[in-house]
Structure formats: C-alpha cells, structure tokens
>>> print(open('my_file.txt').read())   # compact mmCIF, C-alpha atoms
# COMPACT_ATOMS: atom_id res chain seq x y z
CA LYS H 16 50.89 46.10 21.60
CA SER H 17 54.51 45.79 22.52
CA ASN H 18 54.92 49.55 22.10
CA SER H 19 51.93 50.18 24.38
CA PHE H 20 53.34 47.82 26.97
CA CYS H 21 56.75 49.57 26.89
CA THR H 22 55.09 52.96 27.18
CA LEU H 23 53.15 51.76 30.22
CA LEU H 24 56.34 50.51 31.90
CA VAL H 25 58.09 53.85 31.29
CA ARG H 26 55.17 55.76 32.80
CA GLN H 27 55.15 53.51 35.86
CA GLN H 28 58.90 54.01 36.35
CA ARG H 29 58.49 57.81 36.10
CA ASN H 30 55.65 57.78 38.63
CA THR H 31 57.74 55.66 41.00
CA GLN H 32 60.72 58.02 40.69
CA GLN H 33 58.52 61.07 41.32
CA LYS H 34 57.04 59.46 44.44
CA MET H 35 60.53 58.61 45.73
CA SER H 36 61.68 62.18 45.07
CA ARG H 37 58.73 63.55 47.04
CA ILE H 38 59.54 61.24 49.94
CA GLU H 39 63.21 62.28 49.94
CA VAL H 40 62.32 65.98 49.82
CA GLY H 41 59.89 65.47 52.66
CA ASP H 42 62.54 63.70 54.68
CA ASP H 43 65.00 66.53 53.97
CA ASN H 44 62.46 69.12 55.03
CA ASN H 45 61.67 67.20 58.19
CA GLY H 46 65.38 66.83 58.93
CA THR H 47 65.99 70.51 58.33
CA ARG H 48 63.01 71.39 60.50
CA ARG H 49 64.26 69.13 63.28
CA SER H 50 67.82 70.50 63.08
CA GLY H 51 66.48 74.08 63.11
CA GLU H 52 64.41 73.30 66.19
CA ALA H 53 67.45 71.76 67.86
CA GLU H 54 69.57 74.83 67.10
CA ARG H 55 66.89 77.13 68.48
CA GLY H 56 66.74 74.99 71.60
CA VAL H 57 70.51 75.34 72.11
CA LEU H 58 70.33 79.10 71.59
CA ASP H 59 67.49 79.34 74.11
CA ASP H 60 69.56 77.40 76.65
CA VAL H 61 72.57 79.70 76.11
CA SER H 62 70.38 82.80 76.38
CA ALA H 63 68.97 81.51 79.64
CA LEU H 64 72.49 81.15 81.02
CA VAL H 65 73.62 84.68 80.14
CA THR H 66 70.38 86.48 80.92
CA VAL H 67 70.63 88.76 83.94
CA PRO H 68 68.04 87.83 86.59
CA ASP H 69 65.27 90.34 87.09
CA TRP H 70 66.20 90.99 90.71
CA ILE H 71 69.64 92.14 89.55
CA ALA H 72 68.57 94.04 86.47
CA LEU H 73 66.12 96.07 88.53
CA HIS H 74 68.93 98.26 89.93
CA PRO H 75 69.46 101.13 87.48
CA LEU H 76 73.16 101.63 88.35
CA LEU H 77 74.34 98.02 88.26
CA ALA H 78 76.20 98.52 84.98
CA ASN H 79 77.85 101.69 86.30
CA TYR H 80 79.09 100.07 89.50
CA PHE H 81 80.25 96.95 87.70
CA SER H 82 82.16 99.01 85.12
CA GLU H 83 83.91 101.03 87.82
CA ALA H 84 84.85 97.89 89.75
CA VAL H 85 86.19 96.03 86.71
CA GLY H 86 88.05 99.05 85.36
CA THR H 87 89.65 99.87 88.71
CA PHE H 88 90.64 96.25 89.23
CA ILE H 89 92.40 95.98 85.85
CA PHE H 90 94.07 99.38 86.22
CA THR H 91 95.35 98.64 89.75
CA LEU H 92 96.61 95.21 88.75
CA THR H 93 98.51 96.77 85.85
CA PHE H 94 99.95 99.43 88.16
CA ALA H 95 101.16 96.79 90.63
CA LEU H 96 102.65 94.32 88.15
CA VAL H 97 104.40 96.95 86.05
CA GLY H 98 106.06 98.31 89.19
CA ILE H 99 107.34 94.83 90.06
CA ASN H 100 108.74 94.08 86.62
CA ASN H 101 110.53 97.38 86.05
CA PRO H 102 113.70 98.64 87.76
CA HIS H 103 113.45 101.56 90.15
CA PRO H 104 113.99 104.94 88.45
CA GLU H 105 117.07 105.60 90.60
CA GLU H 106 118.64 102.28 89.67
CA ARG H 107 118.15 102.56 85.90
CA PRO H 108 116.31 105.74 84.96
CA ASP H 109 116.76 105.02 81.26
CA ALA H 110 115.05 101.61 81.49
CA ASN H 111 111.97 102.41 83.55
CA ILE H 112 108.80 102.45 81.47
CA THR H 113 106.31 102.07 84.33
CA ALA H 114 104.30 105.17 83.40
CA LEU H 115 103.70 104.10 79.79
CA PRO H 116 101.70 100.86 80.28
CA VAL H 117 99.84 102.38 83.22
CA GLY H 118 98.75 105.37 81.13
CA PHE H 119 97.91 103.24 78.10
CA MET H 120 95.82 100.86 80.20
CA LEU H 121 93.90 103.77 81.73
CA MET H 122 93.31 105.18 78.24
CA ALA H 123 91.95 101.84 77.02
CA LEU H 124 89.69 101.42 80.04
CA VAL H 125 88.29 104.96 79.74
CA PHE H 126 87.45 104.31 76.10
CA ALA H 127 85.97 100.90 77.00
CA PHE H 128 83.75 101.92 79.94
CA GLY H 129 83.45 105.69 79.59
CA TYR H 130 80.09 105.51 77.85
CA ILE H 131 78.66 103.48 80.75
CA SER H 132 80.01 104.96 83.98
CA GLY H 133 82.16 107.87 82.82
CA GLY H 134 85.35 105.85 83.31
CA HIS H 135 86.50 107.34 86.63
CA PHE H 136 88.35 104.43 88.30
CA ASN H 137 89.61 106.98 90.81
CA PRO H 138 87.94 108.42 93.95
CA ALA H 139 89.60 111.79 93.35
CA VAL H 140 88.07 112.04 89.87
CA THR H 141 84.71 110.90 91.24
CA LEU H 142 84.83 113.56 93.95
CA ALA H 143 85.73 116.25 91.42
CA VAL H 144 82.69 115.28 89.33
CA MET H 145 80.50 115.24 92.43
CA PHE H 146 81.74 118.65 93.58
CA THR H 147 80.75 120.15 90.22
CA ALA H 148 77.20 118.79 90.75
CA MET H 149 77.43 116.78 87.53
CA GLU H 150 76.32 113.58 89.22
CA GLY H 151 74.36 112.59 92.32
CA ARG H 152 76.12 112.20 95.67
CA VAL H 153 74.85 108.70 96.47
CA LYS H 154 75.82 107.45 93.04
CA MET H 155 79.33 108.88 93.40
CA LEU H 156 79.79 107.37 96.86
CA GLY H 157 78.83 104.03 95.36
CA TYR H 158 81.54 104.54 92.77
CA ILE H 159 84.14 105.15 95.49
CA LEU H 160 83.18 101.99 97.38
CA CYS H 161 83.46 99.92 94.20
CA GLN H 162 86.83 101.48 93.35
CA CYS H 163 88.34 100.86 96.79
CA GLY H 164 87.11 97.28 96.97
CA ALA H 165 88.34 96.49 93.46
CA ALA H 166 91.76 98.02 94.17
CA LEU H 167 92.21 95.87 97.27
CA GLY H 168 91.20 92.78 95.30
CA ALA H 169 93.71 93.66 92.58
CA GLY H 170 96.45 93.96 95.18
CA MET H 171 95.68 90.47 96.48
CA VAL H 172 95.71 89.04 92.96
CA ALA H 173 99.03 90.79 92.25
CA MET H 174 100.56 89.04 95.25
CA ILE H 175 99.27 85.71 93.99
CA ILE H 176 100.86 86.34 90.60
CA GLU H 177 104.19 87.81 91.72
CA GLY H 178 104.56 86.84 95.38
CA THR H 179 104.89 89.10 98.40
CA GLY H 180 107.37 91.56 96.87
CA LEU H 181 104.62 93.96 95.93
CA VAL H 182 105.72 97.44 94.85
CA VAL H 183 103.28 99.97 96.30
CA PRO H 184 103.07 103.78 96.31
CA ASN H 185 105.07 105.03 99.26
CA VAL H 186 107.08 108.00 100.46
CA LYS H 187 110.74 107.53 99.59
CA ASN H 188 112.69 106.25 102.62
CA ASN H 189 109.89 107.56 104.90
CA ASP H 190 111.85 110.81 104.91
CA PRO H 191 109.92 113.89 106.20
CA GLU H 192 111.44 115.87 103.36
CA TYR H 193 109.94 113.46 100.85
CA ILE H 194 106.59 113.57 102.65
CA ARG H 195 106.36 117.25 101.81
CA ARG H 196 107.43 116.58 98.23
CA GLY H 197 105.01 113.70 97.97
CA ILE H 198 102.10 115.84 99.08
CA PHE H 199 102.81 118.45 96.43
CA ALA H 200 103.46 115.82 93.76
CA GLU H 201 100.20 113.95 94.38
CA LEU H 202 98.19 117.16 94.77
CA ILE H 203 99.43 118.86 91.60
CA PHE H 204 99.13 115.91 89.26
CA THR H 205 95.79 114.81 90.69
CA PHE H 206 94.62 118.36 90.03
CA ALA H 207 95.89 118.01 86.44
CA LEU H 208 94.16 114.64 86.03
CA ALA H 209 90.82 115.77 87.47
CA THR H 210 90.92 119.00 85.46
CA THR H 211 91.52 117.04 82.26
CA VAL H 212 88.65 114.66 82.99
CA LEU H 213 86.22 117.51 83.70
CA HIS H 214 87.15 119.46 80.58
CA VAL H 215 87.21 116.58 78.10
CA ALA H 216 84.32 114.52 79.47
CA TYR H 217 81.93 116.92 81.26
CA SER H 218 82.30 120.29 79.54
CA ARG H 219 80.71 121.72 76.41
CA GLN H 220 83.23 119.74 74.34
CA LYS H 221 82.34 116.42 75.97
CA HIS H 222 81.19 114.86 72.67
CA ASN H 223 84.72 114.32 71.38
CA PHE H 224 86.80 111.34 70.37
CA PHE H 225 90.04 112.09 72.21
CA TYR H 226 88.95 112.09 75.86
CA GLY H 227 90.52 108.72 76.70
CA PHE H 228 93.83 109.64 75.09
CA SER H 229 94.02 112.93 77.01
CA ILE H 230 93.31 111.29 80.35
CA GLY H 231 95.82 108.50 79.82
CA MET H 232 98.58 110.87 78.75
CA VAL H 233 98.20 112.92 81.94
CA VAL H 234 98.96 109.79 83.95
CA VAL H 235 101.95 109.00 81.73
CA ALA H 236 103.35 112.50 82.18
CA GLY H 237 102.69 112.56 85.93
CA GLY H 238 104.16 109.12 86.55
CA SER H 239 107.27 109.96 84.57
CA SER H 240 107.67 113.24 86.45
CA VAL H 241 107.17 112.29 90.11
CA GLY H 242 107.04 108.49 90.15
CA GLY H 243 110.33 108.42 92.04
CA VAL H 244 108.99 110.79 94.71
CA SER H 245 105.58 109.42 95.70
CA GLY H 246 105.02 106.45 93.41
CA GLY H 247 102.88 108.51 91.03
CA ALA H 248 99.53 107.10 92.11
CA PHE H 249 97.25 110.18 91.84
CA ASN H 250 94.57 107.72 92.93
CA PRO H 251 93.58 107.07 96.57
CA ALA H 252 91.98 103.71 95.80
CA VAL H 253 95.05 102.36 93.99
CA ALA H 254 97.44 103.57 96.68
CA THR H 255 95.46 102.38 99.68
CA GLY H 256 94.38 99.10 98.08
CA LEU H 257 97.97 98.12 97.31
CA GLN H 258 99.22 99.34 100.69
CA VAL H 259 96.65 97.25 102.56
CA ALA H 260 97.43 94.21 100.40
CA ALA H 261 101.14 94.63 101.12
CA CYS H 262 100.41 94.98 104.84
CA LEU H 263 98.51 91.69 104.81
CA SER H 264 101.70 90.06 103.52
CA GLY H 265 103.79 91.58 106.32
CA ASN H 266 104.95 94.92 104.86
CA CYS H 267 102.95 97.59 106.68
CA THR H 268 105.49 100.43 106.39
CA PRO H 269 103.89 102.06 103.29
CA LEU H 270 100.51 102.07 105.04
CA ILE H 271 101.85 104.55 107.59
CA HIS H 272 101.46 107.35 105.06
CA PHE H 273 98.14 106.27 103.55
CA TRP H 274 96.68 109.62 104.61
CA LEU H 275 98.97 111.41 102.16
CA TYR H 276 97.37 109.54 99.24
CA TRP H 277 93.92 110.69 100.32
CA ILE H 278 94.42 114.25 101.52
CA ALA H 279 96.57 115.44 98.61
CA PRO H 280 94.36 113.95 95.84
CA VAL H 281 91.15 115.15 97.50
CA VAL H 282 92.52 118.69 97.77
CA GLY H 283 93.59 118.47 94.13
CA ALA H 284 90.10 117.31 93.16
CA VAL H 285 88.47 120.20 95.05
CA LEU H 286 90.75 122.71 93.35
CA ALA H 287 90.03 121.15 89.96
CA ALA H 288 86.28 121.41 90.56
CA LEU H 289 86.58 125.07 91.59
CA ALA H 290 88.73 125.88 88.57
CA PHE H 291 86.30 124.09 86.27
CA ALA H 292 83.34 126.02 87.70
CA LEU H 293 85.16 129.30 87.11
CA ILE H 294 86.48 128.51 83.63
CA ASP H 295 83.48 126.70 82.15
CA SER H 296 80.52 128.20 83.97
CA GLU H 297 78.22 127.27 81.07
CA ALA H 298 78.95 123.56 81.34
CA VAL H 299 75.83 121.50 80.97
CA ALA H 300 74.92 118.55 83.16
CA THR H 301 75.34 115.05 81.86
CA GLU H 302 72.38 113.09 80.57
CA ASP H 303 71.90 111.54 83.98
CA GLY H 304 72.17 114.91 85.67
CA ALA H 305 72.57 115.40 89.41
CA ASP H 306 69.90 112.86 90.20
CA ASP H 307 69.00 111.23 93.49
CA TYR H 308 71.26 108.22 92.96
>>> encode(input="my_file.txt", output="structure tokens")
Amino acid sequence: KSNSFCTLLVRQQRNTQQKMSRIEVGDDNNGTRRSGEAERGVLDDVSALVTVPDWIALHPLLANYFSEAVGTFIFTLTFALVGINNPHPEERPDANITALPVGFMLMALVFAFGYISGGHFNPAVTLAVMFTAMEGRVKMLGYILCQCGAALGAGMVAMIIEGTGLVVPNVKNNDPEYIRRGIFAELIFTFALATTVLHVAYSRQKHNFFYGFSIGMVVVAGGSSVGGVSGGAFNPAVATGLQVAACLSGNCTPLIHFWLYWIAPVVGAVLAALAFALIDSEAVATEDGADDY
C-alpha cells in the first residue's frame, strides 16, 4: 500500500509539472506574439513616416529633378568651399589642389545619381543632351531650373559656413585681355566635358563602368589648366549661383561678367552636340527617349 501511495504522489507531481510547463510555454508564446505585434506596429509607423505621399509620387520625374538638385547643390558647395580653403594658384601654385576634390566630388555624384537622372548637374551638359535629341525639351528645362536654384542655395550655405569671403568664378582683374582668354577657356573645356558625357553616357558604349571617372577627370584637368584664368567653372549654374550669392553679401563685381559663363559654355555644348552627331551617328536614344517631358 505504501508503494501504491508513493507511486500516486509521483504521478501527481509529474502531472503538476507538465501543467506548469504548458502554462509557461503558453505565456512565452503570448509574450512573443505580443512583442512581434509591437515590432510590426513600430515598423508600420516608420514606414508611414518615410512613405512618399501619392500626390508627390504621381509626378514621373520627381526623382530626376530631386537628384539633379541635390547633386548640383553638393557639387557647388564643394566648389565654393575648396576655393576658400586653398591658396590662389598665383600665390602658391604648388599647393593649390582645388581641381582635385571638385573633380572627385563630381565623379562620386555622377556614379551616385547617374542611373536616375543621368548625373548632369550642369546646364551646359543638359543642353548638349537636349540638342542631340536624347531627352525631351521640357524635361531638360526642368533640369536647368533645378540646377540653377540648387547652385544659388549652395552659395548661400557656403557663406553661412565660411562667411562673406566667398571665392567665385570671375575674370582675373576684370581685364579685357582676360575676358577673351576666359571665353576660350570656358568654351573649350565645356566642349571637352560635354563631349565626354555624350560619348561615355549616351553613345553605343553607354553601358560601361567608367563613365563617372571619365567625367570627373575632365573637370580635374580643366580646372588645373585654366582655373587661374576664369575660375574653371565650365558650369553656368555653379558660376552664376555663386556670383549671385556673393553679390547678396556685397561683392557684385564678379556678376558683371556672368554672361561669359553662359555664352561660352552654351557654345561649347552646341559644338559638342554637333561633333557627337557627326562622330556617332548610330547612337541610340536612352530608355526614356525624347519623350514629351
């Protein structure tokens, strides 16, 4: 009888332990389920914050315009700050490295945003692409507006960072002799830049992995060659944006020759488009094509 009683006690203890185990497992499952639901709720809240509203996402070129604005802003800000923090080429020609970070930043931005907007960041490049009928006119004009606005904003931010001593593209000493040199300098190297962009990004060899490097190195070479003559902008948006920003701070002298930084690059872009049409007559349109945008 004593053995039967002991056996009964052992069985009861086992049953009690099993019931407790089931309760604990159930509690764990409920806790896990509740924590999982809480995590999903947090993720849903975060997704709601970063989701683009429908009224914005409806525009098919929003990403293109945004990429051009952001890229031009960063490039112009780099151009302005590097010029401030480097000695003038005439003062210490062996210590001026302005062209290097400017070219490297352009290379990085082209690689970053090229697959979205083409990575122009330059009205002259945009016009060269438009003249070759690779993209629609309205779309390209939208690019130019974004580039000019972003460049002006970058100039204002540069003044906030470094003060009013903003270094901007300008004709050396406002000398008529340097005006002539500046026109040729901006025209020739803008032609080189636009030609490079067309041949590495819009030609039959457009599916390559070196396009950003090629474009950036043209700016490095051009800035090193004629930076002391015209400032080495090769970009109407950068030049005019910084000139207007400097004028708002009281230095309007560089703005006198703003026309030089539009006429010379535009002529260079037209020549680049003509040369591209003659050299690569079999170039195919981009995936977007010359659409109505």
>>> closest_residue(input="my_file.txt", among="H:Ser132, H:Asn79, H:Met145, H:Ala254", to="H:Leu270", atoms="only C-alpha atoms")
H:Ala254
>>> residues_around(input="my_file.txt", residues="H:Lys187", least_positions_apart="6", cutoff="8 Å", atoms="only C-alpha atoms", output="VMD selection string")
chain H and resid 193 to 194 243 to 245
>>> closest_residue(input="my_file.txt", among="H:Gly227, H:Gly283, H:Gly170, H:Gly157", to="H:Ile203", atoms="all atoms listed in the file")
H:Gly283
>>> closest_atom_pairs(input="my_file.txt", of="stretch 109-175 of chain H", to="stretch 207-214 of chain H", cutoff="10 Å", atoms="all atoms listed in the file", output="CSV")
residue,atom,partner,partner_atom,distance
H:Gly133,CA,H:Val212,CA,9.4
H:Gly134,CA,H:Val212,CA,9.4
H:His135,CA,H:Val212,CA,8.5
H:Asn137,CA,H:Ala209,CA,9.5
H:Ala139,CA,H:Ala209,CA,7.2
H:Val140,CA,H:Ala209,CA,5.2
H:Thr141,CA,H:Ala209,CA,8.7
H:Leu142,CA,H:Ala209,CA,9.1
H:Ala143,CA,H:Ala209,CA,6.5
H:Val144,CA,H:Leu213,CA,7.0
H:Thr147,CA,H:Leu213,CA,8.9
H:Met149,CA,H:Leu213,CA,9.6
>>> atom_distance(input="my_file.txt", atom1="atom CA of H:Ala288", atom2="atom CA of H:Glu150")
12.7 Å
>>> atom_distance(input="my_file.txt", atom1="atom CA of H:Ile294", atom2="atom CA of H:Met155")
23.1 Å
>>> atom_distance(input="my_file.txt", atom1="atom CA of H:Ala173", atom2="atom CA of H:Lys154")
28.6 Å
>>> residues_around(input="my_file.txt", residues="H:Tyr80", least_positions_apart="6", cutoff="12 Å", atoms="all atoms listed in the file", output="list in words")
His74, Gly86, Thr87, Phe128, Ile131, Ser132, Gly133, Gly134, His135, Phe136, Val153, Lys154, Met155, Leu156, Gly157, Tyr158, Ile159, Leu160, Cys161, Gln162, Cys163, Gly164, Ala165 and Tyr308 of chain H
>>> closest_residue(input="my_file.txt", among="H:Phe94, H:Phe199, H:Phe291, H:Tyr276", to="H:Thr113", atoms="only C-alpha atoms")
H:Phe94
>>> residues_around(input="my_file.txt", residues="H:Glu201", least_positions_apart="3", cutoff="12 Å", atoms="all atoms listed in the file", output="MDAnalysis selection string")
chainID H and resid 139 184:186 193:198 204:209 234 237:238 240:251 254 274:284
>>> residues_around(input="my_file.txt", residues="H:Phe88", least_positions_apart="4", cutoff="8 Å", atoms="all atoms listed in the file", output="compact mmCIF listing (two decimals) with C-alpha atoms, in the frame of the given file")
# COMPACT_ATOMS: atom_id res chain seq x y z
CA ALA H 84 84.85 97.89 89.75
CA LEU H 92 96.61 95.21 88.75
CA GLN H 162 86.83 101.48 93.35
CA ALA H 165 88.34 96.49 93.46
CA ALA H 166 91.76 98.02 94.17
CA GLY H 168 91.20 92.78 95.30
CA ALA H 169 93.71 93.66 92.58
>>> axis_aligned_box(input="my_file.txt", around="stretch 218-232 of chain H", padding_each_side="4 Å", output="AutoDock Vina command-line options")
--center_x 89.6 --center_y 115.1 --center_z 75.4 --size_x 25.9 --size_y 21.2 --size_z 18.0
>>> closest_residue(input="my_file.txt", among="H:Gly118, H:Gly180, H:Gly151, H:Pro138", to="H:Glu83", atoms="all atoms listed in the file")
H:Pro138
>>> closest_residue(input="my_file.txt", among="H:Gly98, H:Pro191, H:Gly178, H:Gly231", to="H:Gly265", atoms="only C-alpha atoms")
H:Gly178
>>> closest_residue(input="my_file.txt", among="H:Phe146, H:Phe119, H:Phe81, H:Tyr130", to="H:Val285", atoms="only C-alpha atoms")
H:Phe146
